[in-house]
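Trainee: Dropping in data05.cif, with mmCIF, C-alpha atoms and all ligand atoms.
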data_model
loop_
_atom_site.label_atom_id
_atom_site.label_comp_id
_atom_site.auth_asym_id
_atom_site.auth_seq_id
_atom_site.Cartn_x
_atom_site.Cartn_y
_atom_site.Cartn_z
CA MET A 14 -10.72 -19.33 -14.46
CA LYS A 15 -12.34 -16.75 -16.67
CA ILE A 16 -13.44 -14.03 -14.25
CA LEU A 17 -15.56 -10.99 -14.91
CA ILE A 18 -15.38 -8.23 -12.29
CA LEU A 19 -18.34 -5.87 -12.42
CA GLY A 20 -17.50 -2.53 -10.81
CA GLY A 21 -13.79 -3.15 -11.41
CA ASN A 22 -12.86 0.52 -11.03
CA GLY A 23 -14.02 0.69 -7.40
CA TYR A 24 -12.36 0.59 -3.98
CA LEU A 25 -12.74 -3.21 -3.87
CA GLY A 26 -13.22 -4.09 -7.55
CA TRP A 27 -9.84 -2.78 -8.65
CA PRO A 28 -7.66 -4.65 -6.10
CA THR A 29 -9.77 -7.79 -6.65
CA SER A 30 -9.00 -7.58 -10.39
CA LEU A 31 -5.27 -7.24 -9.69
CA PHE A 32 -5.33 -10.20 -7.32
CA PHE A 33 -7.01 -12.57 -9.79
CA SER A 34 -4.76 -11.43 -12.64
CA LYS A 35 -1.68 -12.02 -10.48
CA GLN A 36 -2.98 -15.54 -9.73
CA GLY A 37 -3.00 -16.22 -13.49
CA HIS A 38 -6.74 -16.07 -14.11
CA GLU A 39 -8.23 -14.44 -17.21
CA VAL A 40 -9.68 -11.18 -15.87
CA SER A 41 -12.10 -8.75 -17.53
CA ILE A 42 -13.39 -5.60 -15.86
CA VAL A 43 -16.61 -3.68 -16.41
CA ASP A 44 -17.32 -0.22 -15.02
CA ASN A 45 -19.56 2.70 -15.97
CA PHE A 46 -17.73 5.31 -13.82
CA VAL A 47 -21.00 6.44 -12.17
CA LYS A 48 -19.22 6.66 -8.80
CA LYS A 49 -17.23 9.62 -10.14
CA LYS A 50 -20.46 11.45 -10.88
CA MET A 51 -21.79 10.70 -7.41
CA GLU A 52 -18.59 12.05 -5.85
CA LEU A 53 -18.90 15.22 -7.91
CA GLU A 54 -22.51 15.74 -6.75
CA PHE A 55 -21.12 16.23 -3.23
CA GLY A 56 -17.78 17.68 -4.28
CA PHE A 57 -15.82 14.89 -2.52
CA LYS A 58 -12.45 13.62 -3.66
CA PRO A 59 -10.67 10.47 -2.49
CA LEU A 60 -7.71 11.15 -0.19
CA ILE A 61 -5.05 9.55 -2.38
CA PRO A 62 -4.89 10.59 -6.04
CA THR A 63 -5.64 7.61 -8.28
CA LYS A 64 -4.71 7.25 -11.93
CA THR A 65 -7.52 6.72 -14.45
CA LEU A 66 -8.57 3.11 -14.99
CA HIS A 67 -6.99 3.27 -18.46
CA LYS A 68 -3.61 4.25 -16.99
CA ARG A 69 -3.78 1.70 -14.17
CA VAL A 70 -4.67 -1.13 -16.55
CA ASP A 71 -1.87 -0.02 -18.93
CA CYS A 72 0.62 0.07 -16.08
CA TRP A 73 -0.42 -3.40 -14.88
CA ASN A 74 -0.41 -4.90 -18.36
CA LYS A 75 3.06 -3.50 -19.13
CA ASN A 76 4.58 -5.01 -16.00
CA GLN A 77 2.72 -8.31 -15.70
CA ASN A 78 2.44 -11.03 -18.29
CA ASN A 79 -1.28 -11.60 -17.71
CA PRO A 80 -3.19 -8.64 -19.14
CA ILE A 81 -6.51 -7.37 -17.78
CA ASN A 82 -9.23 -6.44 -20.33
CA PHE A 83 -11.67 -3.70 -19.61
CA TYR A 84 -15.06 -2.61 -20.90
CA VAL A 85 -17.02 0.55 -20.23
CA GLY A 86 -20.67 -0.29 -19.78
CA ASP A 87 -23.73 -0.15 -17.57
CA LEU A 88 -25.71 -3.05 -16.12
CA LEU A 89 -28.84 -1.00 -16.68
CA ASN A 90 -28.21 -1.59 -20.40
CA HIS A 91 -29.45 -5.15 -20.73
CA ARG A 92 -28.13 -5.59 -24.28
CA PHE A 93 -24.62 -4.58 -23.17
CA ILE A 94 -24.36 -7.13 -20.37
CA LYS A 95 -26.13 -9.88 -22.33
CA ASP A 96 -23.76 -9.49 -25.31
CA LEU A 97 -20.70 -9.23 -23.08
CA LEU A 98 -21.53 -12.50 -21.31
CA ALA A 99 -22.05 -14.14 -24.70
CA ASP A 100 -18.59 -12.94 -25.82
CA ILE A 101 -16.65 -13.73 -22.67
CA ARG A 102 -18.56 -16.71 -21.23
CA PRO A 103 -17.11 -16.16 -17.74
CA GLU A 104 -17.01 -18.97 -15.21
CA VAL A 105 -17.10 -16.56 -12.27
CA ILE A 106 -18.83 -13.18 -12.17
CA VAL A 107 -17.94 -10.98 -9.20
CA HIS A 108 -20.63 -8.33 -8.85
CA TYR A 109 -19.57 -5.13 -7.08
CA ALA A 110 -21.24 -2.75 -9.53
CA GLU A 111 -23.69 -1.09 -7.16
CA GLN A 112 -24.20 2.25 -5.45
CA PRO A 113 -22.38 1.48 -2.16
CA SER A 114 -23.31 4.28 0.23
CA ALA A 115 -26.04 4.32 2.88
CA PRO A 116 -25.87 8.13 3.41
CA TYR A 117 -26.05 8.70 -0.36
CA SER A 118 -29.27 6.67 -0.49
CA MET A 119 -30.74 8.63 2.44
CA SER A 120 -29.84 12.11 1.21
CA ASN A 121 -33.00 12.68 -0.85
CA ARG A 122 -35.79 10.97 -2.80
CA GLU A 123 -33.94 11.04 -6.13
CA ARG A 124 -30.88 9.35 -4.68
CA ALA A 125 -32.99 6.74 -2.85
CA ILE A 126 -34.67 5.91 -6.15
CA PHE A 127 -31.40 5.98 -8.08
CA THR A 128 -29.88 3.56 -5.53
CA GLN A 129 -32.67 1.03 -5.76
CA GLN A 130 -33.09 1.35 -9.53
CA ASN A 131 -29.39 1.08 -10.22
CA ASN A 132 -28.77 -1.78 -7.81
CA VAL A 133 -31.93 -3.84 -8.15
CA MET A 134 -32.51 -3.41 -11.91
CA GLY A 135 -28.81 -3.80 -12.74
CA ASN A 136 -28.71 -7.03 -10.76
CA LEU A 137 -31.90 -8.29 -12.46
CA ASN A 138 -30.46 -7.54 -15.91
CA LEU A 139 -27.40 -9.50 -14.88
CA LEU A 140 -29.50 -12.48 -13.74
CA PHE A 141 -31.38 -12.55 -17.06
CA ALA A 142 -28.11 -12.27 -19.00
CA ILE A 143 -26.54 -15.13 -16.99
CA LYS A 144 -29.60 -17.30 -17.55
CA LYS A 145 -29.46 -16.67 -21.29
CA ASN A 146 -25.74 -16.78 -22.02
CA CYS A 147 -23.80 -18.49 -19.23
CA PRO A 148 -26.19 -20.36 -16.90
CA ASP A 149 -23.32 -22.37 -15.40
CA ALA A 150 -21.39 -19.27 -14.26
CA HIS A 151 -20.97 -18.76 -10.53
CA LEU A 152 -22.28 -15.36 -9.45
CA VAL A 153 -20.31 -13.98 -6.49
CA LYS A 154 -22.44 -11.09 -5.32
CA LEU A 155 -21.40 -8.44 -2.81
CA GLY A 156 -24.22 -8.05 -0.33
CA THR A 157 -23.95 -6.48 3.10
CA LEU A 158 -24.06 -7.53 6.74
CA GLY A 159 -26.35 -4.52 7.14
CA GLU A 160 -29.11 -6.49 5.40
CA TYR A 161 -29.83 -8.14 8.76
CA GLY A 162 -29.77 -4.95 10.81
CA THR A 163 -29.41 -5.51 14.55
CA PRO A 164 -32.02 -8.15 15.50
CA ASN A 165 -32.38 -9.37 19.06
CA ILE A 166 -31.45 -12.92 18.02
CA ASP A 167 -28.25 -14.51 16.62
CA ILE A 168 -27.57 -13.67 12.98
CA GLU A 169 -27.14 -16.84 10.92
CA GLU A 170 -25.58 -16.98 7.45
CA GLY A 171 -28.48 -16.07 5.17
CA TRP A 172 -30.93 -18.76 6.20
CA LEU A 173 -32.93 -19.53 9.33
CA ASN A 174 -34.53 -22.79 10.41
CA VAL A 175 -38.00 -21.85 11.60
CA GLU A 176 -40.50 -23.84 13.61
CA HIS A 177 -43.97 -22.39 13.58
CA ASN A 178 -47.16 -24.00 14.92
CA GLY A 179 -45.44 -27.37 15.00
CA ARG A 180 -44.11 -27.24 11.42
CA LYS A 181 -40.53 -26.58 10.28
CA ASP A 182 -38.97 -24.88 7.24
CA ARG A 183 -35.70 -23.27 6.16
CA MET A 184 -36.40 -19.65 5.25
CA LEU A 185 -34.32 -16.68 4.13
CA TYR A 186 -33.20 -14.95 7.33
CA PRO A 187 -35.63 -12.07 8.13
CA LYS A 188 -34.08 -8.70 7.28
CA LYS A 189 -34.24 -5.37 9.12
CA PRO A 190 -31.88 -3.11 7.12
CA GLY A 191 -31.10 0.45 8.14
CA SER A 192 -31.13 2.45 4.88
CA PHE A 193 -32.52 2.44 1.35
CA TYR A 194 -29.05 1.32 0.23
CA HIS A 195 -29.04 -1.69 2.58
CA LEU A 196 -32.60 -2.41 1.44
CA SER A 197 -31.47 -2.52 -2.19
CA LYS A 198 -29.16 -5.42 -1.25
CA VAL A 199 -32.03 -7.18 0.55
CA HIS A 200 -34.07 -6.96 -2.67
CA ASP A 201 -31.06 -8.28 -4.63
CA SER A 202 -30.72 -11.26 -2.29
CA ALA A 203 -34.39 -12.15 -2.69
CA ASN A 204 -34.16 -11.86 -6.50
CA ILE A 205 -31.02 -13.99 -6.65
CA GLU A 206 -32.43 -16.68 -4.36
CA PHE A 207 -35.48 -16.82 -6.64
CA ALA A 208 -33.30 -17.09 -9.78
CA CYS A 209 -31.30 -19.94 -8.21
CA ARG A 210 -34.49 -21.74 -7.22
CA ILE A 211 -36.34 -21.26 -10.52
CA TRP A 212 -33.56 -21.21 -13.13
CA ASP A 213 -30.97 -23.38 -11.41
CA LEU A 214 -28.35 -20.61 -11.31
CA LYS A 215 -25.65 -20.74 -8.64
CA CYS A 216 -24.69 -17.85 -6.42
CA THR A 217 -22.70 -16.92 -3.36
CA ASP A 218 -24.14 -13.84 -1.66
CA LEU A 219 -21.47 -12.28 0.55
CA ASN A 220 -22.93 -10.31 3.42
CA GLN A 221 -19.93 -8.14 4.09
CA GLY A 222 -19.16 -5.95 7.08
CA VAL A 223 -17.50 -2.54 6.96
CA VAL A 224 -14.24 -2.68 4.99
CA TYR A 225 -11.09 -0.82 6.02
CA GLY A 226 -7.58 -0.45 4.64
CA ASN A 227 -5.84 1.14 1.71
CA PHE A 228 -3.37 -1.34 0.27
CA THR A 229 -3.07 -4.94 -0.90
CA PRO A 230 0.07 -6.90 -1.90
CA GLU A 231 -0.65 -6.26 -5.60
CA ILE A 232 -1.21 -2.52 -5.12
CA ASP A 233 2.01 -2.40 -3.12
CA LEU A 234 3.92 -3.53 -6.23
CA ASP A 235 3.58 0.03 -7.54
CA PHE A 236 1.47 2.03 -5.07
CA GLU A 237 1.55 5.35 -6.90
CA ASN A 238 0.32 3.92 -10.17
CA LEU A 239 -2.01 1.22 -8.87
CA CYS A 240 -3.60 2.57 -5.69
CA THR A 241 -7.34 2.28 -5.17
CA SER A 242 -9.92 4.89 -4.30
CA PHE A 243 -9.83 5.73 -0.57
CA HIS A 244 -12.64 7.88 0.84
CA TYR A 245 -12.92 9.54 4.24
CA ASP A 246 -15.89 11.85 3.64
CA GLU A 247 -19.28 11.45 5.36
CA VAL A 248 -20.94 9.83 2.32
CA PHE A 249 -18.45 7.39 0.82
CA GLY A 250 -15.95 6.98 3.66
CA THR A 251 -16.49 4.01 5.96
CA ILE A 252 -15.99 4.26 9.68
CA ILE A 253 -12.45 2.92 10.22
CA ASN A 254 -11.05 4.74 7.20
CA ARG A 255 -12.71 7.94 8.46
CA PHE A 256 -11.47 7.54 12.03
CA CYS A 257 -7.89 6.89 10.88
CA THR A 258 -7.97 9.96 8.64
CA GLN A 259 -9.50 12.11 11.41
CA SER A 260 -6.76 10.98 13.75
CA VAL A 261 -4.04 11.98 11.26
CA ALA A 262 -5.73 15.39 10.82
CA ASN A 263 -5.82 15.86 14.65
CA TYR A 264 -9.61 16.03 14.36
CA PRO A 265 -11.74 14.35 17.06
CA LEU A 266 -13.07 10.97 15.88
CA THR A 267 -16.74 11.57 15.08
CA VAL A 268 -18.57 8.87 17.05
CA TYR A 269 -22.27 9.01 16.17
CA GLY A 270 -24.53 8.81 19.25
CA THR A 271 -23.44 6.68 22.22
CA GLY A 272 -20.97 4.70 20.11
CA ASN A 273 -22.30 1.41 21.50
CA GLN A 274 -23.50 0.35 18.04
CA LYS A 275 -21.75 -2.87 17.06
CA ARG A 276 -20.66 -3.61 13.51
CA GLY A 277 -18.69 -6.32 11.71
CA TYR A 278 -15.40 -5.30 10.08
CA ILE A 279 -13.03 -6.73 7.51
CA ASN A 280 -9.68 -5.68 6.08
CA ILE A 281 -9.59 -5.02 2.32
CA ILE A 282 -7.04 -7.84 1.91
CA ASP A 283 -9.45 -10.27 3.56
CA THR A 284 -12.29 -9.10 1.33
CA ILE A 285 -10.23 -10.32 -1.59
CA ASN A 286 -9.25 -13.53 0.22
CA CYS A 287 -12.95 -14.21 0.81
CA ILE A 288 -13.90 -13.53 -2.82
CA ASN A 289 -11.13 -15.92 -3.82
CA LEU A 290 -12.31 -18.63 -1.42
CA ALA A 291 -15.90 -18.28 -2.62
CA SER A 292 -14.84 -18.34 -6.30
CA THR A 293 -12.60 -21.37 -6.01
CA ASN A 294 -15.16 -23.34 -3.95
CA PRO A 295 -18.37 -22.83 -5.95
CA PRO A 296 -21.81 -23.91 -4.78
CA LYS A 297 -23.73 -26.51 -6.73
CA LYS A 298 -26.22 -25.65 -9.45
CA GLY A 299 -29.42 -24.17 -8.07
CA GLU A 300 -27.79 -23.27 -4.76
CA PHE A 301 -28.16 -19.83 -3.18
CA ARG A 302 -25.30 -19.81 -0.68
CA VAL A 303 -24.80 -17.00 1.81
CA PHE A 304 -21.60 -16.26 3.71
CA ASN A 305 -21.25 -13.56 6.34
CA GLN A 306 -18.04 -11.84 5.35
CA PHE A 307 -16.45 -10.13 8.33
CA THR A 308 -13.60 -11.10 10.61
CA ASP A 309 -14.34 -9.18 13.77
CA PHE A 310 -17.15 -7.28 15.41
CA LYS A 311 -16.88 -4.46 17.89
CA SER A 312 -18.69 -1.39 19.12
CA LEU A 313 -17.72 1.94 17.57
CA ASN A 314 -16.25 3.01 20.94
CA GLU A 315 -14.04 -0.10 21.12
CA MET A 316 -12.90 0.49 17.59
CA ALA A 317 -12.15 4.16 18.22
CA GLU A 318 -10.06 3.07 21.24
CA VAL A 319 -7.89 0.80 19.05
CA ILE A 320 -7.31 3.62 16.55
CA ILE A 321 -6.47 6.08 19.33
CA LYS A 322 -3.91 3.63 20.79
CA SER A 323 -2.40 2.89 17.41
CA SER A 324 -2.14 6.62 16.68
CA LYS A 325 -0.45 7.15 20.05
CA ASN A 326 2.20 4.56 19.14
CA LEU A 327 2.91 6.71 16.07
CA GLY A 328 3.12 9.92 18.09
CA ILE A 329 -0.34 11.18 17.11
CA LYS A 330 -2.59 12.43 19.91
CA ALA A 331 -6.09 11.37 18.91
CA LYS A 332 -9.36 11.57 20.81
CA ALA A 333 -12.98 10.63 20.18
CA LYS A 334 -15.99 12.93 20.41
CA LYS A 335 -19.60 11.79 20.62
CA ILE A 336 -21.79 13.81 18.31
CA GLN A 337 -25.52 13.72 17.64
CA ASN A 338 -26.31 10.64 15.54
CA PRO A 339 -27.49 11.74 12.08
CA ARG A 340 -28.77 8.20 11.45
CA LYS A 341 -31.72 6.37 12.87
CA GLU A 342 -30.16 3.18 14.22
CA MET A 343 -30.14 1.21 17.48
CA GLU A 344 -27.31 2.34 19.71
CA GLU A 345 -27.79 -0.29 22.45
CA HIS A 346 -28.46 -3.73 21.08
CA TYR A 347 -27.69 -7.45 21.06
CA TYR A 348 -25.32 -8.49 18.27
CA ASN A 349 -24.08 -11.95 17.45
CA PRO A 350 -23.49 -12.55 13.73
CA LYS A 351 -22.01 -15.91 12.66
CA ASN A 352 -19.09 -16.12 10.24
CA THR A 353 -17.97 -19.74 10.32
CA SER A 354 -18.41 -20.60 6.60
CA LEU A 355 -15.45 -18.64 5.23
CA ILE A 356 -13.26 -19.67 8.16
CA SER A 357 -14.05 -23.32 7.46
CA LEU A 358 -13.07 -22.77 3.81
CA GLY A 359 -9.66 -21.65 5.09
CA LEU A 360 -9.84 -17.90 5.76
CA LYS A 361 -7.11 -16.83 8.20
CA PRO A 362 -8.46 -13.49 9.35
CA ILE A 363 -6.35 -10.37 9.64
CA LYS A 364 -7.20 -9.20 13.13
CA PHE A 365 -8.19 -5.59 13.61
CA ASN A 366 -5.74 -4.31 16.21
CA GLU A 367 -3.22 -1.54 16.92
CA ASN A 368 -0.55 -3.19 14.78
CA THR A 369 -2.62 -3.89 11.66
CA ILE A 370 -4.02 -0.39 11.61
CA GLU A 371 -0.57 1.24 11.93
CA LYS A 372 0.38 0.80 8.29
CA ASP A 373 -2.94 2.37 7.22
CA ILE A 374 -2.37 5.37 9.47
CA LYS A 375 1.20 5.80 8.22
CA LEU A 376 0.02 5.76 4.63
CA ILE A 377 -2.69 8.33 5.36
CA THR A 378 -0.05 10.50 7.03
CA LYS A 379 1.85 10.64 3.73
CA TYR A 380 -1.23 12.30 2.18
CA LYS A 381 -2.08 14.49 5.19
CA LYS A 382 -1.96 17.68 3.13
CA ASN A 383 -4.89 16.42 1.01
CA ILE A 384 -7.23 16.06 3.99
CA ASP A 385 -10.19 18.43 3.83
CA GLN A 386 -11.65 18.75 7.33
CA GLU A 387 -14.94 19.97 5.89
CA TYR A 388 -15.62 16.38 4.81
CA PHE A 389 -15.80 15.18 8.40
CA MET A 390 -19.02 16.42 10.01
CA PRO A 391 -22.15 14.60 8.82
CA THR A 392 -24.78 16.65 7.00
CA VAL A 393 -26.93 13.81 5.61
CA LYS A 394 -29.65 12.94 8.09
CA TRP A 395 -31.95 9.91 8.13
CA GLU A 396 -34.93 12.06 9.09
CA ILE A 397 -35.44 14.39 6.19
N1 LIG B 1 -20.41 6.15 12.08
C1 LIG B 1 -19.89 6.95 13.09
N2 LIG B 1 -19.12 8.00 12.74
C2 LIG B 1 -18.81 8.30 11.44
C3 LIG B 1 -19.32 7.47 10.41
C4 LIG B 1 -20.13 6.41 10.78
O1 LIG B 1 -20.12 6.72 14.27
O2 LIG B 1 -18.10 9.28 11.22
C5 LIG B 1 -21.22 4.97 12.45
C6 LIG B 1 -22.54 4.82 11.77
O3 LIG B 1 -23.55 5.50 12.44
C7 LIG B 1 -22.72 3.30 11.80
C8 LIG B 1 -21.31 2.76 11.70
O4 LIG B 1 -20.46 3.83 12.07
O5 LIG B 1 -23.26 2.91 13.01
C9 LIG B 1 -20.89 2.25 10.35
O6 LIG B 1 -21.05 3.28 9.39
P1 LIG B 1 -20.29 3.23 7.98
O7 LIG B 1 -20.57 4.52 7.28
O8 LIG B 1 -18.88 2.82 8.14
O9 LIG B 1 -21.00 1.97 7.30
P2 LIG B 1 -22.41 1.79 6.57
O10 LIG B 1 -23.09 3.06 6.28
O11 LIG B 1 -23.16 0.79 7.37
O12 LIG B 1 -22.00 1.17 5.18
C10 LIG B 1 -20.70 0.61 4.92
C11 LIG B 1 -20.46 0.58 3.42
C12 LIG B 1 -21.48 -0.33 2.78
C13 LIG B 1 -21.44 -1.68 3.43
C14 LIG B 1 -21.62 -1.58 4.93
C15 LIG B 1 -21.43 -2.85 5.68
O13 LIG B 1 -20.53 1.88 2.88
O14 LIG B 1 -21.24 -0.42 1.39
O15 LIG B 1 -22.47 -2.45 2.91
O16 LIG B 1 -20.63 -0.68 5.44
S1 LIG B 1 -22.47 -2.90 7.11
O17 LIG B 1 -22.27 -1.71 7.90
O18 LIG B 1 -22.12 -4.09 7.82
O19 LIG B 1 -23.81 -2.92 6.61
#
Could you show the structure in this file as structure tokens?

Mentor:
Amino acid sequence: MKILILGGNGYLGWPTSLFFSKQGHEVSIVDNFVKKKMELEFGFKPLIPTKTLHKRVDCWNKNQNNPINFYVGDLLNHRFIKDLLADIRPEVIVHYAEQPSAPYSMSNRERAIFTQQNNVMGNLNLLFAIKKNCPDAHLVKLGTLGEYGTPNIDIEEGWLNVEHNGRKDRMLYPKKPGSFYHLSKVHDSANIEFACRIWDLKCTDLNQGVVYGNFTPEIDLDFENLCTSFHYDEVFGTIINRFCTQSVANYPLTVYGTGNQKRGYINIIDTINCINLASTNPPKKGEFRVFNQFTDFKSLNEMAEVIIKSSKNLGIKAKAKKIQNPRKEMEEHYYNPKNTSLISLGLKPIKFNENTIEKDIKLITKYKKNIDQEYFMPTVKWEI
């Protein structure tokens, strides 16, 4: 397949590109490096030093016989993406190129607006470019499980059968997201569903849970030269990656509020397996297909427990500490999201447990001297 990875320099985009190249597909990457600027705004650095995209692509292309191409460009530049799609004519477009952080979007007005402009407008430009230059391409879009929020009913995969006053219809599942970032993905989903319905495009919207992990089989071929960006700070670091890093630093795991919030999780290797399953099993023309992409769901306290046990097995004495929740979110709630679609396509989930997390903790330990404890306590608050 000809695959275009948008946001191919990111935590997920880079390992996804390596995976597809290794499988023999023709891979092109696009990135505008805006994440670097966002990191610099806060002064945060990833834990593990990464080579520039140029160096990583060079290293990969020298050692593999299936080169990756890369382009520097911004989805906000409609002409750029339109011309690129005309040149490449991809069959699959994996879209990761969005501002990915909830705290970033909640830190001030400018960043809330940047998040929605960047994500929603970039995605719209992409939809127009697909319609014009490759209407048969399959758009695989990274959405988020957080689009649904924590409703008091079961969470279906994107759609809900509704009966109202004796009549029935299939509607987009009602959304109750928890940040301007999560909202940007809700807006994307609505725009994509509309484009599928009106223009006959085809899309898989992947409502993904919180990702954890710092290696994939392809990265492991040459970790030092190929590793991906791993954050543990309060803005870009996700919960499991933060907890594992805190444990290595002998810093109490920062559980926000009661810790009874439940979230869906997925290992970085399974993210890529899911993208692969979606890409190789495309929907039909005009279909807006939604998969919930997580393998496990747990409360933050349960998750902290697993990390504490795993750390103990490695001789690290970790503990959790409940701190005031900087976010406005439900801490006691019903949670039952479905995830049967990807499993029925063949996903064999990596279970989140003491053993799987051990390798992550060991790897973090190798970079212990880079940990900056000032990144741990949250300063971004939902109530400004
Ligand atoms: N949390 C803590 N302690 C911390 C950091 C976070 O208790 O030190 C809590 C948060 O309050 C929240 C949960 O952990 O209840 C998850 O927070 P997170 O920062 O790991 O995840 P979130 O902000 O929801 O966003 C992340 C990714 C985002 C993705 C989303 C999937 O940054 O790109 O869309 O996970 S989901 O959470 O399912 O919406």

Trainee: Choose the residue, out of A:Asn254, A:Asn305, A:Asn314, A:Asn178, that has the smallest atom-to-atom separation from Thr157 of chain A; count only C-alpha atoms.

Mentor: A:Asn305

Trainee: Let me know the centre plus edge lengths, in Å and rounded to one decimal, of a box with edges along x, y and z that contains all listed atoms of ligand LIG 1 (chain B) and is padded by 8 Å on every side, as JSON.

Mentor:
{"center_x": -21.0, "center_y": 2.6, "center_z": 7.8, "size_x": 21.7, "size_y": 29.4, "size_z": 28.9}

Trainee: Extract, using all atoms listed in the file, all DNA, RNA and protein residues at most 9 Å from Thr392 of chain A, discarding same-chain residues fewer than 2 positions from it, and format them as a list in words.

Mentor: Ser120, Glu247, Pro339, Met390 and Lys394 of chain A

Trainee: Find, counting all atoms listed in the file, the residue in A:Phe243, A:Tyr161, A:Phe57, A:Phe304 that gets nearest to ligand LIG 1 (chain B).

Mentor: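 Closest residue, counting all atoms listed in the file: A:Tyr161.
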
Trainee: Can you pull out the residues contacting Gln77 of chain A? Cut-off 12 Å, using only C-alpha atoms, and skip same-chain residues under 4 positions away; I want them as a PDB file with C-alpha atoms, in the frame of the given file.

Mentor:
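Final file, around_9.pdb:
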ATOM      1  CA  LEU A  31      -5.270  -7.240  -9.690  1.00  0.00           C
ATOM      2  CA  PHE A  32      -5.330 -10.200  -7.320  1.00  0.00           C
ATOM      3  CA  SER A  34      -4.760 -11.430 -12.640  1.00  0.00           C
ATOM      4  CA  LYS A  35      -1.680 -12.020 -10.480  1.00  0.00           C
ATOM      5  CA  GLN A  36      -2.980 -15.540  -9.730  1.00  0.00           C
ATOM      6  CA  GLY A  37      -3.000 -16.220 -13.490  1.00  0.00           C
ATOM      7  CA  VAL A  70      -4.670  -1.130 -16.550  1.00  0.00           C
ATOM      8  CA  ASP A  71      -1.870  -0.020 -18.930  1.00  0.00           C
ATOM      9  CA  CYS A  72       0.620   0.070 -16.080  1.00  0.00           C
ATOM     10  CA  TRP A  73      -0.420  -3.400 -14.880  1.00  0.00           C
ATOM     11  CA  ILE A  81      -6.510  -7.370 -17.780  1.00  0.00           C
ATOM     12  CA  GLU A 231      -0.650  -6.260  -5.600  1.00  0.00           C
ATOM     13  CA  LEU A 234       3.920  -3.530  -6.230  1.00  0.00           C
ATOM     14  CA  ASP A 235       3.580   0.030  -7.540  1.00  0.00           C
TER      15      ASP A 235
END

Trainee: Give me the residues within 12 Å of Thr353 of chain A as a PDB file with C-alpha atoms, in the coordinates of the input, counting all atoms listed in the file and dropping any in the same chain fewer than 4 places off.

Mentor:
ATOM      1  CA  ILE A 168     -27.570 -13.670  12.980  1.00  0.00           C
ATOM      2  CA  GLU A 169     -27.140 -16.840  10.920  1.00  0.00           C
ATOM      3  CA  GLU A 170     -25.580 -16.980   7.450  1.00  0.00           C
ATOM      4  CA  VAL A 303     -24.800 -17.000   1.810  1.00  0.00           C
ATOM      5  CA  PHE A 304     -21.600 -16.260   3.710  1.00  0.00           C
ATOM      6  CA  ASN A 305     -21.250 -13.560   6.340  1.00  0.00           C
ATOM      7  CA  GLN A 306     -18.040 -11.840   5.350  1.00  0.00           C
ATOM      8  CA  PHE A 307     -16.450 -10.130   8.330  1.00  0.00           C
ATOM      9  CA  THR A 308     -13.600 -11.100  10.610  1.00  0.00           C
ATOM     10  CA  ASP A 309     -14.340  -9.180  13.770  1.00  0.00           C
ATOM     11  CA  SER A 357     -14.050 -23.320   7.460  1.00  0.00           C
ATOM     12  CA  LEU A 358     -13.070 -22.770   3.810  1.00  0.00           C
ATOM     13  CA  GLY A 359      -9.660 -21.650   5.090  1.00  0.00           C
ATOM     14  CA  LEU A 360      -9.840 -17.900   5.760  1.00  0.00           C
ATOM     15  CA  LYS A 361      -7.110 -16.830   8.200  1.00  0.00           C
ATOM     16  CA  PRO A 362      -8.460 -13.490   9.350  1.00  0.00           C
TER      17      PRO A 362
END

Trainee: For ligand LIG 1 (chain B), which residue among A:Pro80, A:Pro28, A:Gly272, A:Pro148 is the nearest when counting all atoms listed in the file?

Mentor: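 Selected residue with least distance to ligand LIG 1 (chain B): A:Gly272.
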
Trainee: Provide the atom CA of Cys216 of chain A to atom CA of Cys147 of chain A distance in Å, to one decimal place.

Mentor: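 For atom CA of Cys216 of chain A relative to atom CA of Cys147 of chain A, the distance reads 12.9 Å.
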
Trainee: Which residue, A:Asn22, A:Asn294, A:Thr251, A:Thr65, has the smallest gap to Thr217 of chain A when you use all atoms listed in the file?

Mentor: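 Checking each of A:Asn22, A:Asn294, A:Thr251, A:Thr65 against Thr217 of chain A, counting all atoms listed in the file, the winner is A:Asn294.
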
Trainee: Considering all atoms listed in the file, give me a table of residues in chain A that are at most 6 Å from ligand LIG 1 (chain B), with the closest atom pair and distance in Å for each, as JSON lines.

Mentor:
{"residue": "A:Pro113", "atom": "CA", "partner": "B:LIG1", "partner_atom": "O14", "distance": 4.2}
{"residue": "A:Ser114", "atom": "CA", "partner": "B:LIG1", "partner_atom": "O13", "distance": 4.5}
{"residue": "A:Ala115", "atom": "CA", "partner": "B:LIG1", "partner_atom": "O10", "distance": 4.7}
{"residue": "A:Thr157", "atom": "CA", "partner": "B:LIG1", "partner_atom": "O15", "distance": 4.3}
{"residue": "A:Leu158", "atom": "CA", "partner": "B:LIG1", "partner_atom": "O18", "distance": 4.1}
{"residue": "A:Gly159", "atom": "CA", "partner": "B:LIG1", "partner_atom": "O19", "distance": 3.0}
{"residue": "A:Gln221", "atom": "CA", "partner": "B:LIG1", "partner_atom": "C15", "distance": 5.7}
{"residue": "A:Gly222", "atom": "CA", "partner": "B:LIG1", "partner_atom": "O18", "distance": 3.6}
{"residue": "A:Val223", "atom": "CA", "partner": "B:LIG1", "partner_atom": "O16", "distance": 3.9}
{"residue": "A:Thr251", "atom": "CA", "partner": "B:LIG1", "partner_atom": "O8", "distance": 3.4}
{"residue": "A:Ile252", "atom": "CA", "partner": "B:LIG1", "partner_atom": "O8", "distance": 3.6}
{"residue": "A:Thr267", "atom": "CA", "partner": "B:LIG1", "partner_atom": "O2", "distance": 4.7}
{"residue": "A:Val268", "atom": "CA", "partner": "B:LIG1", "partner_atom": "O1", "distance": 3.8}
{"residue": "A:Tyr269", "atom": "CA", "partner": "B:LIG1", "partner_atom": "O1", "distance": 3.7}
{"residue": "A:Gln274", "atom": "CA", "partner": "B:LIG1", "partner_atom": "O5", "distance": 5.6}
{"residue": "A:Arg276", "atom": "CA", "partner": "B:LIG1", "partner_atom": "O18", "distance": 5.9}
{"residue": "A:Gly277", "atom": "CA", "partner": "B:LIG1", "partner_atom": "O18", "distance": 5.6}
{"residue": "A:Arg340", "atom": "CA", "partner": "B:LIG1", "partner_atom": "O3", "distance": 6.0}
